[in-house]
$ cat structure_39.cif   # mmCIF, C-alpha atoms and all ligand atoms
data_query
#
loop_
_atom_site.group_PDB
_atom_site.id
_atom_site.type_symbol
_atom_site.label_atom_id
_atom_site.label_comp_id
_atom_site.auth_asym_id
_atom_site.auth_seq_id
_atom_site.Cartn_x
_atom_site.Cartn_y
_atom_site.Cartn_z
ATOM 1 C CA MET M 1 -48.370 34.954 -30.134
ATOM 2 C CA ILE M 2 -48.476 37.269 -27.160
ATOM 3 C CA LYS M 3 -51.740 38.581 -25.778
ATOM 4 C CA LEU M 4 -51.419 41.727 -23.681
ATOM 5 C CA ILE M 5 -53.830 42.609 -20.881
ATOM 6 C CA GLU M 6 -53.573 45.936 -19.116
ATOM 7 C CA ALA M 7 -54.471 46.032 -15.428
ATOM 8 C CA ALA M 8 -55.134 49.327 -13.657
ATOM 9 C CA ASP M 9 -52.712 48.584 -10.857
ATOM 10 C CA TYR M 10 -50.844 45.886 -8.952
ATOM 11 C CA ASP M 11 -53.931 44.589 -7.139
ATOM 12 C CA GLU M 12 -55.972 44.222 -10.300
ATOM 13 C CA MET M 13 -53.057 42.488 -12.017
ATOM 14 C CA SER M 14 -52.815 40.064 -9.083
ATOM 15 C CA ARG M 15 -56.542 39.299 -9.176
ATOM 16 C CA GLN M 16 -56.474 38.653 -12.911
ATOM 17 C CA VAL M 17 -53.513 36.292 -12.695
ATOM 18 C CA ALA M 18 -55.035 34.461 -9.711
ATOM 19 C CA ALA M 19 -58.289 34.023 -11.657
ATOM 20 C CA ILE M 20 -56.384 32.338 -14.501
ATOM 21 C CA ILE M 21 -54.667 29.944 -12.085
ATOM 22 C CA ILE M 22 -57.903 29.122 -10.264
ATOM 23 C CA ARG M 23 -59.629 28.398 -13.583
ATOM 24 C CA GLN M 24 -56.735 26.145 -14.603
ATOM 25 C CA VAL M 25 -56.928 24.174 -11.346
ATOM 26 C CA LYS M 26 -60.694 23.781 -11.616
ATOM 27 C CA GLU M 27 -60.446 22.582 -15.213
ATOM 28 C CA LYS M 28 -57.600 20.198 -14.437
ATOM 29 C CA PRO M 29 -57.363 19.385 -10.703
ATOM 30 C CA ASP M 30 -53.995 17.625 -11.168
ATOM 31 C CA ALA M 31 -52.515 20.477 -13.225
ATOM 32 C CA VAL M 32 -48.774 21.097 -13.201
ATOM 33 C CA LEU M 33 -48.180 24.743 -12.286
ATOM 34 C CA GLY M 34 -44.839 26.394 -12.972
ATOM 35 C CA LEU M 35 -44.307 29.013 -10.290
ATOM 36 C CA ALA M 36 -42.119 32.070 -9.825
ATOM 37 C CA THR M 37 -40.820 34.026 -6.858
ATOM 38 C CA GLY M 38 -39.955 37.699 -6.331
ATOM 39 C CA SER M 39 -42.150 40.647 -5.403
ATOM 40 C CA THR M 40 -44.435 40.707 -8.426
ATOM 41 C CA VAL M 41 -46.161 37.367 -7.805
ATOM 42 C CA LEU M 42 -46.723 37.939 -4.068
ATOM 43 C CA GLY M 43 -50.140 39.560 -4.593
ATOM 44 C CA THR M 44 -51.195 36.668 -6.814
ATOM 45 C CA TYR M 45 -50.283 34.153 -4.111
ATOM 46 C CA HIS M 46 -52.160 36.236 -1.561
ATOM 47 C CA GLU M 47 -55.253 36.072 -3.803
ATOM 48 C CA LEU M 48 -54.909 32.294 -4.219
ATOM 49 C CA VAL M 49 -54.724 31.809 -0.461
ATOM 50 C CA ALA M 50 -57.743 34.072 0.115
ATOM 51 C CA ASP M 51 -59.744 32.176 -2.517
ATOM 52 C CA HIS M 52 -58.728 28.824 -1.033
ATOM 53 C CA ARG M 53 -59.966 29.943 2.382
ATOM 54 C CA GLN M 54 -63.173 31.584 1.176
ATOM 55 C CA ASN M 55 -64.191 29.355 -1.723
ATOM 56 C CA GLY M 56 -62.394 26.113 -0.947
ATOM 57 C CA THR M 57 -60.511 25.793 -4.247
ATOM 58 C CA SER M 58 -58.449 22.686 -3.651
ATOM 59 C CA TYR M 59 -54.817 22.059 -4.607
ATOM 60 C CA ARG M 60 -54.730 18.510 -3.226
ATOM 61 C CA ARG M 61 -53.861 17.005 -6.595
ATOM 62 C CA VAL M 62 -51.922 19.933 -8.094
ATOM 63 C CA ARG M 63 -48.204 19.523 -8.747
ATOM 64 C CA THR M 64 -45.845 22.511 -8.868
ATOM 65 C CA VAL M 65 -42.368 23.185 -10.213
ATOM 66 C CA ASN M 66 -40.571 26.414 -9.433
ATOM 67 C CA LEU M 67 -38.422 28.268 -11.875
ATOM 68 C CA ASP M 68 -35.290 28.770 -9.871
ATOM 69 C CA GLU M 69 -33.321 28.623 -6.628
ATOM 70 C CA TYR M 70 -30.161 30.207 -5.263
ATOM 71 C CA VAL M 71 -27.124 27.953 -5.060
ATOM 72 C CA GLY M 72 -26.032 27.517 -1.451
ATOM 73 C CA LEU M 73 -29.345 28.368 0.230
ATOM 74 C CA GLY M 74 -31.359 25.542 1.788
ATOM 75 C CA PRO M 75 -35.068 25.288 2.635
ATOM 76 C CA ASP M 76 -34.552 26.778 6.107
ATOM 77 C CA HIS M 77 -32.775 29.872 4.821
ATOM 78 C CA PRO M 78 -35.271 32.760 4.820
ATOM 79 C CA ASN M 79 -33.963 33.984 1.458
ATOM 80 C CA SER M 80 -34.226 30.661 -0.327
ATOM 81 C CA TYR M 81 -37.002 30.355 -2.840
ATOM 82 C CA ARG M 82 -38.126 27.080 -1.224
ATOM 83 C CA TYR M 83 -38.627 28.978 2.035
ATOM 84 C CA TYR M 84 -40.486 31.762 0.207
ATOM 85 C CA MET M 85 -42.829 29.287 -1.497
ATOM 86 C CA ASN M 86 -43.551 27.315 1.682
ATOM 87 C CA HIS M 87 -44.164 30.520 3.603
ATOM 88 C CA HIS M 88 -46.248 32.496 1.080
ATOM 89 C CA LEU M 89 -48.135 29.729 -0.674
ATOM 90 C CA PHE M 90 -47.701 26.019 -0.061
ATOM 91 C CA GLY M 91 -48.077 26.203 3.733
ATOM 92 C CA GLN M 92 -51.369 28.051 3.302
ATOM 93 C CA LEU M 93 -52.991 25.744 0.753
ATOM 94 C CA ASP M 94 -53.988 22.084 0.982
ATOM 95 C CA ILE M 95 -51.259 20.963 -1.434
ATOM 96 C CA PRO M 96 -49.144 18.037 -0.136
ATOM 97 C CA ILE M 97 -45.625 19.404 0.159
ATOM 98 C CA ASP M 98 -44.135 16.405 -1.688
ATOM 99 C CA GLN M 99 -46.058 17.509 -4.779
ATOM 100 C CA THR M 100 -44.172 20.829 -4.773
ATOM 101 C CA HIS M 101 -40.774 21.054 -6.414
ATOM 102 C CA VAL M 102 -38.008 23.663 -6.275
ATOM 103 C CA PRO M 103 -34.459 23.047 -7.545
ATOM 104 C CA ASP M 104 -32.152 21.944 -4.728
ATOM 105 C CA GLY M 105 -29.666 24.770 -4.168
ATOM 106 C CA LEU M 106 -27.671 22.571 -1.791
ATOM 107 C CA ALA M 107 -27.180 19.675 -4.230
ATOM 108 C CA VAL M 108 -23.598 18.399 -4.160
ATOM 109 C CA ASP M 109 -23.652 17.707 -7.889
ATOM 110 C CA LEU M 110 -25.385 20.759 -9.350
ATOM 111 C CA ASP M 111 -25.224 19.561 -12.955
ATOM 112 C CA GLU M 112 -26.926 16.323 -11.965
ATOM 113 C CA GLU M 113 -29.538 18.352 -10.074
ATOM 114 C CA CYS M 114 -30.258 20.293 -13.288
ATOM 115 C CA ARG M 115 -30.674 17.042 -15.241
ATOM 116 C CA ARG M 116 -32.888 15.617 -12.481
ATOM 117 C CA TYR M 117 -35.102 18.701 -12.634
ATOM 118 C CA GLU M 118 -35.570 18.358 -16.396
ATOM 119 C CA ARG M 119 -36.470 14.664 -15.976
ATOM 120 C CA LEU M 120 -38.874 15.546 -13.188
ATOM 121 C CA ILE M 121 -40.766 18.042 -15.371
ATOM 122 C CA ASP M 122 -41.068 15.411 -18.095
ATOM 123 C CA GLU M 123 -42.217 12.767 -15.615
ATOM 124 C CA LEU M 124 -44.916 15.121 -14.354
ATOM 125 C CA GLY M 125 -46.185 15.362 -17.928
ATOM 126 C CA GLY M 126 -44.907 18.884 -18.608
ATOM 127 C CA ILE M 127 -46.035 22.251 -17.276
ATOM 128 C CA ASP M 128 -49.637 23.270 -17.964
ATOM 129 C CA LEU M 129 -49.308 26.881 -16.866
ATOM 130 C CA GLN M 130 -46.039 28.698 -16.205
ATOM 131 C CA LEU M 131 -45.993 31.995 -14.290
ATOM 132 C CA LEU M 132 -43.150 34.374 -15.026
ATOM 133 C CA GLY M 133 -41.923 37.655 -13.653
ATOM 134 C CA ILE M 134 -39.480 39.715 -15.674
ATOM 135 C CA GLY M 135 -36.188 41.225 -14.603
ATOM 136 C CA ARG M 136 -35.282 44.810 -15.428
ATOM 137 C CA ASN M 137 -32.816 43.456 -17.979
ATOM 138 C CA GLY M 138 -35.500 41.228 -19.478
ATOM 139 C CA HIS M 139 -34.488 38.042 -17.687
ATOM 140 C CA ILE M 140 -37.018 35.278 -17.151
ATOM 141 C CA GLY M 141 -36.316 32.852 -14.351
ATOM 142 C CA PHE M 142 -32.632 33.605 -13.869
ATOM 143 C CA ASN M 143 -31.857 33.414 -17.582
ATOM 144 C CA GLU M 144 -29.675 36.450 -18.016
ATOM 145 C CA PRO M 145 -29.084 38.307 -21.315
ATOM 146 C CA GLY M 146 -27.011 36.218 -23.703
ATOM 147 C CA THR M 147 -28.490 32.882 -22.612
ATOM 148 C CA PRO M 148 -29.133 30.746 -25.726
ATOM 149 C CA PHE M 149 -32.811 29.920 -26.178
ATOM 150 C CA SER M 150 -31.907 26.226 -26.439
ATOM 151 C CA THR M 151 -30.716 26.065 -22.819
ATOM 152 C CA ALA M 152 -32.316 23.559 -20.421
ATOM 153 C CA THR M 153 -32.183 23.823 -16.607
ATOM 154 C CA HIS M 154 -28.680 25.033 -15.739
ATOM 155 C CA VAL M 155 -26.479 26.803 -13.217
ATOM 156 C CA VAL M 156 -26.121 30.513 -13.900
ATOM 157 C CA GLU M 157 -23.801 33.207 -12.601
ATOM 158 C CA LEU M 158 -26.050 36.130 -11.675
ATOM 159 C CA THR M 159 -25.372 39.570 -13.141
ATOM 160 C CA GLU M 160 -24.570 42.515 -10.886
ATOM 161 C CA LEU M 161 -27.897 44.108 -11.921
ATOM 162 C CA THR M 162 -29.882 41.086 -10.778
ATOM 163 C CA ARG M 163 -27.918 40.807 -7.545
ATOM 164 C CA GLU M 164 -28.481 44.520 -6.891
ATOM 165 C CA ALA M 165 -32.202 44.212 -7.660
ATOM 166 C CA ASN M 166 -32.538 41.296 -5.243
ATOM 167 C CA ALA M 167 -30.252 42.754 -2.551
ATOM 168 C CA ARG M 168 -33.300 44.357 -0.907
ATOM 169 C CA PHE M 169 -34.206 40.924 0.464
ATOM 170 C CA PHE M 170 -30.744 40.291 1.978
ATOM 171 C CA PRO M 171 -28.852 41.909 4.869
ATOM 172 C CA SER M 172 -26.282 43.263 2.374
ATOM 173 C CA PHE M 173 -25.316 43.041 -1.306
ATOM 174 C CA ASP M 174 -22.466 40.678 -0.430
ATOM 175 C CA ASP M 175 -24.963 38.222 1.025
ATOM 176 C CA VAL M 176 -26.751 37.840 -2.320
ATOM 177 C CA PRO M 177 -25.648 34.503 -3.783
ATOM 178 C CA ARG M 178 -23.579 34.631 -6.964
ATOM 179 C CA TYR M 179 -25.054 31.538 -8.553
ATOM 180 C CA ALA M 180 -28.489 30.066 -9.064
ATOM 181 C CA ILE M 181 -30.134 27.070 -10.686
ATOM 182 C CA THR M 182 -32.787 28.065 -13.199
ATOM 183 C CA MET M 183 -35.076 26.404 -15.662
ATOM 184 C CA GLY M 184 -33.684 27.254 -19.074
ATOM 185 C CA ILE M 185 -35.501 29.148 -21.780
ATOM 186 C CA ALA M 186 -36.097 25.886 -23.665
ATOM 187 C CA THR M 187 -37.643 24.445 -20.475
ATOM 188 C CA ILE M 188 -39.933 27.455 -20.103
ATOM 189 C CA LEU M 189 -40.970 27.336 -23.758
ATOM 190 C CA ARG M 190 -42.070 23.689 -23.374
ATOM 191 C CA SER M 191 -44.885 24.856 -21.027
ATOM 192 C CA ARG M 192 -48.306 24.618 -22.601
ATOM 193 C CA ARG M 193 -49.305 28.094 -21.509
ATOM 194 C CA ILE M 194 -47.305 31.023 -20.111
ATOM 195 C CA VAL M 195 -48.473 34.052 -18.117
ATOM 196 C CA LEU M 196 -45.967 36.850 -17.524
ATOM 197 C CA LEU M 197 -46.680 39.519 -14.910
ATOM 198 C CA ALA M 198 -45.130 42.961 -14.767
ATOM 199 C CA SER M 199 -45.772 45.790 -12.365
ATOM 200 C CA GLY M 200 -44.185 49.166 -11.805
ATOM 201 C CA GLU M 201 -42.217 51.669 -13.806
ATOM 202 C CA GLU M 202 -38.932 49.834 -13.280
ATOM 203 C CA LYS M 203 -40.279 47.123 -15.602
ATOM 204 C CA ALA M 204 -41.525 49.533 -18.292
ATOM 205 C CA GLU M 205 -38.374 49.451 -20.397
ATOM 206 C CA ALA M 206 -38.143 45.644 -20.397
ATOM 207 C CA ILE M 207 -41.830 45.381 -21.382
ATOM 208 C CA ALA M 208 -41.439 47.983 -24.136
ATOM 209 C CA ARG M 209 -38.428 46.137 -25.541
ATOM 210 C CA LEU M 210 -40.320 42.845 -25.345
ATOM 211 C CA LEU M 211 -43.305 44.263 -27.224
ATOM 212 C CA GLU M 212 -41.074 45.741 -29.922
ATOM 213 C CA GLY M 213 -40.951 42.164 -31.088
ATOM 214 C CA VAL M 214 -37.251 41.710 -31.835
ATOM 215 C CA VAL M 215 -36.316 38.157 -30.837
ATOM 216 C CA THR M 216 -32.808 38.128 -29.411
ATOM 217 C CA PRO M 217 -30.920 36.410 -26.586
ATOM 218 C CA ASP M 218 -29.982 39.946 -25.450
ATOM 219 C CA LEU M 219 -33.547 40.117 -24.119
ATOM 220 C CA PRO M 220 -34.318 36.634 -22.749
ATOM 221 C CA ALA M 221 -38.061 37.360 -22.470
ATOM 222 C CA SER M 222 -38.193 37.933 -26.236
ATOM 223 C CA ALA M 223 -38.075 34.131 -26.615
ATOM 224 C CA LEU M 224 -41.739 34.238 -25.614
ATOM 225 C CA HIS M 225 -42.544 35.403 -29.150
ATOM 226 C CA LEU M 226 -41.666 31.858 -30.217
ATOM 227 C CA HIS M 227 -44.432 30.373 -28.023
ATOM 228 C CA PRO M 228 -48.041 29.962 -29.218
ATOM 229 C CA ASP M 229 -49.841 30.840 -25.957
ATOM 230 C CA VAL M 230 -48.403 33.682 -23.885
ATOM 231 C CA THR M 231 -50.402 36.266 -21.922
ATOM 232 C CA ILE M 232 -48.750 39.331 -20.425
ATOM 233 C CA ILE M 233 -50.705 40.943 -17.611
ATOM 234 C CA ALA M 234 -49.132 44.266 -16.773
ATOM 235 C CA ASP M 235 -50.193 47.294 -14.824
ATOM 236 C CA ARG M 236 -50.288 50.831 -16.213
ATOM 237 C CA GLU M 237 -46.897 51.764 -14.843
ATOM 238 C CA ALA M 238 -45.257 48.786 -16.500
ATOM 239 C CA LEU M 239 -46.961 49.749 -19.778
ATOM 240 C CA ALA M 240 -46.052 53.419 -19.506
ATOM 241 C CA LEU M 241 -43.792 53.276 -22.574
ATOM 242 C CA ILE M 242 -46.392 51.527 -24.781
ATOM 243 C CA PRO M 243 -48.683 53.845 -26.776
ATOM 244 C CA LYS M 244 -52.205 53.899 -25.254
ATOM 245 C CA GLU M 245 -54.041 52.732 -28.372
ATOM 246 C CA LYS M 246 -51.916 49.569 -28.440
ATOM 247 C CA ARG M 247 -52.754 48.528 -24.897
ATOM 248 C CA ARG M 248 -56.198 47.203 -24.008
ATOM 249 C CA GLY M 249 -56.934 43.651 -25.056
ATOM 250 C CA MET M 250 -54.154 43.923 -27.582
ATOM 251 C CA ARG M 251 -52.977 40.767 -29.255
ATOM 252 C CA HIS M 252 -49.410 41.405 -30.113
ATOM 253 C CA ASP M 253 -48.205 39.916 -33.374
ATOM 254 C CA ARG M 254 -44.692 40.658 -34.392
HETATM 255 O O1 LIG A 301 -40.854 40.262 -9.190
HETATM 256 P P1 LIG A 301 -39.467 40.748 -9.035
HETATM 257 O O2 LIG A 301 -39.019 40.721 -7.614
HETATM 258 O O3 LIG A 301 -39.253 42.057 -9.698
HETATM 259 O O4 LIG A 301 -38.560 39.696 -9.805
HETATM 260 C C1 LIG A 301 -38.719 39.446 -11.171
HETATM 261 C C2 LIG A 301 -38.061 38.148 -11.561
HETATM 262 O O5 LIG A 301 -36.751 38.122 -11.064
HETATM 263 C C3 LIG A 301 -36.520 36.946 -10.326
HETATM 264 O O6 LIG A 301 -36.814 37.182 -8.985
HETATM 265 C C4 LIG A 301 -35.119 36.543 -10.445
HETATM 266 O O7 LIG A 301 -34.346 37.654 -10.102
HETATM 267 C C5 LIG A 301 -37.499 36.002 -10.895
HETATM 268 O O8 LIG A 301 -37.652 34.854 -10.148
HETATM 269 C C6 LIG A 301 -38.679 36.902 -10.972
HETATM 270 O O9 LIG A 301 -39.661 36.356 -11.726
#
$ encode --input "structure_39.cif" --output "structure tokens" --more "lines below"
Ligand SMILES: O=P(O)(O)OC[C@H]1O[C@](O)(CO)[C@@H](O)[C@@H]1O
Amino acid sequence: MIKLIEAADYDEMSRQVAAIIIRQVKEKPDAVLGLATGSTVLGTYHELVADHRQNGTSYRRVRTVNLDEYVGLGPDHPNSYRYYMNHHLFGQLDIPIDQTHVPDGLAVDLDEECRRYERLIDELGGIDLQLLGIGRNGHIGFNEPGTPFSTATHVVELTELTREANARFFPSFDDVPRYAITMGIATILRSRRIVLLASGEEKAEAIARLLEGVVTPDLPASALHLHPDVTIIADREALALIPKEKRRGMRHDR
């Protein structure tokens, strides 16, 4: 079942998501957090860092696994997701860096890297709380439309739409990698709890399609209807296509 929470704006969405993560870490100090990258989660990470500094919430025993990484970009590349995570979050918390995990985009044997990542998640005891953004085409992680829901961590060829959407972070469109490693939809669905964030009008169509409730690989995020504990926290702009009376505190049953 999907629970929908409407936030007034990006900042309120970020505070609400951060509060859920902080509660999770306090309840279970060695929690396994599944983390995402992109613009949407940046405010959440900012809130976590501020709380860590002000209130001392500790991440010393937390373990993290990230959703995805570009193939060909290493930790020192400013556009790699490992670099992003170190810069925006890990380097500003007290989490030991060896307890943070991102797929290795430079692995020589990428298929083996995907299998290693699946084993790693199992060895950590599974993901307690997985954060997700959503692509304009409804992708989660880098699982593009058409990806079977049974897919584990795998190498994906990125769609033009995704490469265009992410080109803003690169010097030019041609610099956006063509391939990525991503947790699969089956991997994501194994998480005990999932929180999906959406902000801005460019996400409104994907959120409206998701809340229509049709479960189809054409909209990868629709797989979330198959999970028992999903919360969507979205701002007003992202909910612009959802009728008002359906919004606040709505539990969405198909
Ligand atoms: O938050 P953004 O930048 O819109 O990205 C949304 C989603 O797309 C990805 O960046 C992949 O393109 C995901 O990692 C992210 O969750």
$ closest_residue --input "structure_39.cif" --among "M:Ser150, M:Thr231, M:Gln24, M:Asn79" --to "M:Val195" --atoms "all atoms listed in the file"
M:Thr231
$ residues_near_ligand --input "structure_39.cif" --ligand "ligand LIG 301 (chain A)" --cutoff "8 Å" --atoms "all atoms listed in the file" --output "PyMOL selection string"
chain M and resi 36-41+67-68+132-136+139-142+162-163+165-166+198-199+203
$ resolve_selection --input "structure_39.cif" --expression "the PyMOL selection byres (((chain M and resi 164) around 12) and not hetatm)" --output "VMD selection string"
chain M and resid 135 to 137 158 to 163 165 to 170 172 to 178
$ residues_around --input "structure_39.cif" --residues "M:Arg119" --least-positions-apart "5" --cutoff "12 Å" --atoms "only C-alpha atoms" --output "ChimeraX atom specification"
/M:65,112-114,124-126,152-153,183,187
$ write_last_selection --input "structure_39.cif" --atoms "C-alpha atoms" --output "short mmCIF file (atom, residue, chain, number, x, y, z; two decimals), in the coordinates of the input"
data_model
loop_
_atom_site.label_atom_id
_atom_site.label_comp_id
_atom_site.auth_asym_id
_atom_site.auth_seq_id
_atom_site.Cartn_x
_atom_site.Cartn_y
_atom_site.Cartn_z
CA VAL M 65 -42.37 23.18 -10.21
CA GLU M 112 -26.93 16.32 -11.96
CA GLU M 113 -29.54 18.35 -10.07
CA CYS M 114 -30.26 20.29 -13.29
CA LEU M 124 -44.92 15.12 -14.35
CA GLY M 125 -46.18 15.36 -17.93
CA GLY M 126 -44.91 18.88 -18.61
CA ALA M 152 -32.32 23.56 -20.42
CA THR M 153 -32.18 23.82 -16.61
CA MET M 183 -35.08 26.40 -15.66
CA THR M 187 -37.64 24.44 -20.48
#
$ resolve_selection --input "structure_39.cif" --expression "the PyMOL selection byres (((chain M and resi 102) around 8) and not hetatm)" --output "PyMOL selection string"
chain M and resi 65-69+81-82+100-101+103-104
$ closest_residue --input "structure_39.cif" --among "M:Gly213, M:Gly200, M:Pro228, M:Pro75" --to "M:Met13" --atoms "only C-alpha atoms"
M:Gly200
$ residues_around --input "structure_39.cif" --residues "M:Pro29" --least-positions-apart "4" --cutoff "7 Å" --atoms "only C-alpha atoms" --output "ChimeraX atom specification"
/M:25,61-62
$ atom_distance --input "structure_39.cif" --atom1 "atom CA of M:Asp128" --atom2 "atom CA of M:Gly34"
7.6 Å
$ closest_residue --input "structure_39.cif" --among "M:Gly43, M:Asp9, M:Met1, M:Ile127" --to "M:Ala234" --atoms "all atoms listed in the file"
M:Asp9
$ axis_aligned_box --input "structure_39.cif" --around "stretch 19-28 of chain M" --padding-each-side "6 Å" --output "JSON"
{"center_x": -57.7, "center_y": 27.1, "center_z": -12.7, "size_x": 18.0, "size_y": 25.8, "size_z": 16.9}
$ residues_around --input "structure_39.cif" --residues "M:His225" --least-positions-apart "5" --cutoff "12 Å" --atoms "only C-alpha atoms" --output "short mmCIF file (atom, residue, chain, number, x, y, z; two decimals) with C-alpha atoms, keeping the file's coordinate frame"
data_model
loop_
_atom_site.label_atom_id
_atom_site.label_comp_id
_atom_site.auth_asym_id
_atom_site.auth_seq_id
_atom_site.Cartn_x
_atom_site.Cartn_y
_atom_site.Cartn_z
CA MET M 1 -48.37 34.95 -30.13
CA ILE M 2 -48.48 37.27 -27.16
CA LYS M 3 -51.74 38.58 -25.78
CA PHE M 149 -32.81 29.92 -26.18
CA ILE M 185 -35.50 29.15 -21.78
CA LEU M 189 -40.97 27.34 -23.76
CA ILE M 194 -47.30 31.02 -20.11
CA LEU M 210 -40.32 42.84 -25.34
CA LEU M 211 -43.30 44.26 -27.22
CA GLU M 212 -41.07 45.74 -29.92
CA GLY M 213 -40.95 42.16 -31.09
CA VAL M 214 -37.25 41.71 -31.84
CA VAL M 215 -36.32 38.16 -30.84
CA THR M 216 -32.81 38.13 -29.41
CA PRO M 217 -30.92 36.41 -26.59
CA LEU M 219 -33.55 40.12 -24.12
CA PRO M 220 -34.32 36.63 -22.75
CA VAL M 230 -48.40 33.68 -23.88
CA THR M 231 -50.40 36.27 -21.92
CA ILE M 232 -48.75 39.33 -20.42
CA ARG M 251 -52.98 40.77 -29.26
CA HIS M 252 -49.41 41.40 -30.11
CA ASP M 253 -48.20 39.92 -33.37
CA ARG M 254 -44.69 40.66 -34.39
#
$ resolve_selection --input "structure_39.cif" --expression "the PyMOL selection byres (((chain M and resi 89-96) around 8) and not hetatm)" --output "list in words"
Tyr45, His46, Val49, His52, Ser58, Tyr59, Arg60, Arg61, Val62, Tyr84, Met85, Asn86, His87, His88, Ile97, Asp98, Gln99 and Thr100 of chain M
$ atom_distance --input "structure_39.cif" --atom1 "atom CA of M:Glu27" --atom2 "atom CA of M:Ala221"
27.8 Å
$ closest_residue --input "structure_39.cif" --among "M:Gly184, M:Pro78, M:Gly138, M:Pro171" --to "M:Val155" --atoms "only C-alpha atoms"
M:Gly184
$ atom_distance --input "structure_39.cif" --atom1 "atom CA of M:Gly74" --atom2 "atom CA of M:Leu106"
5.9 Å
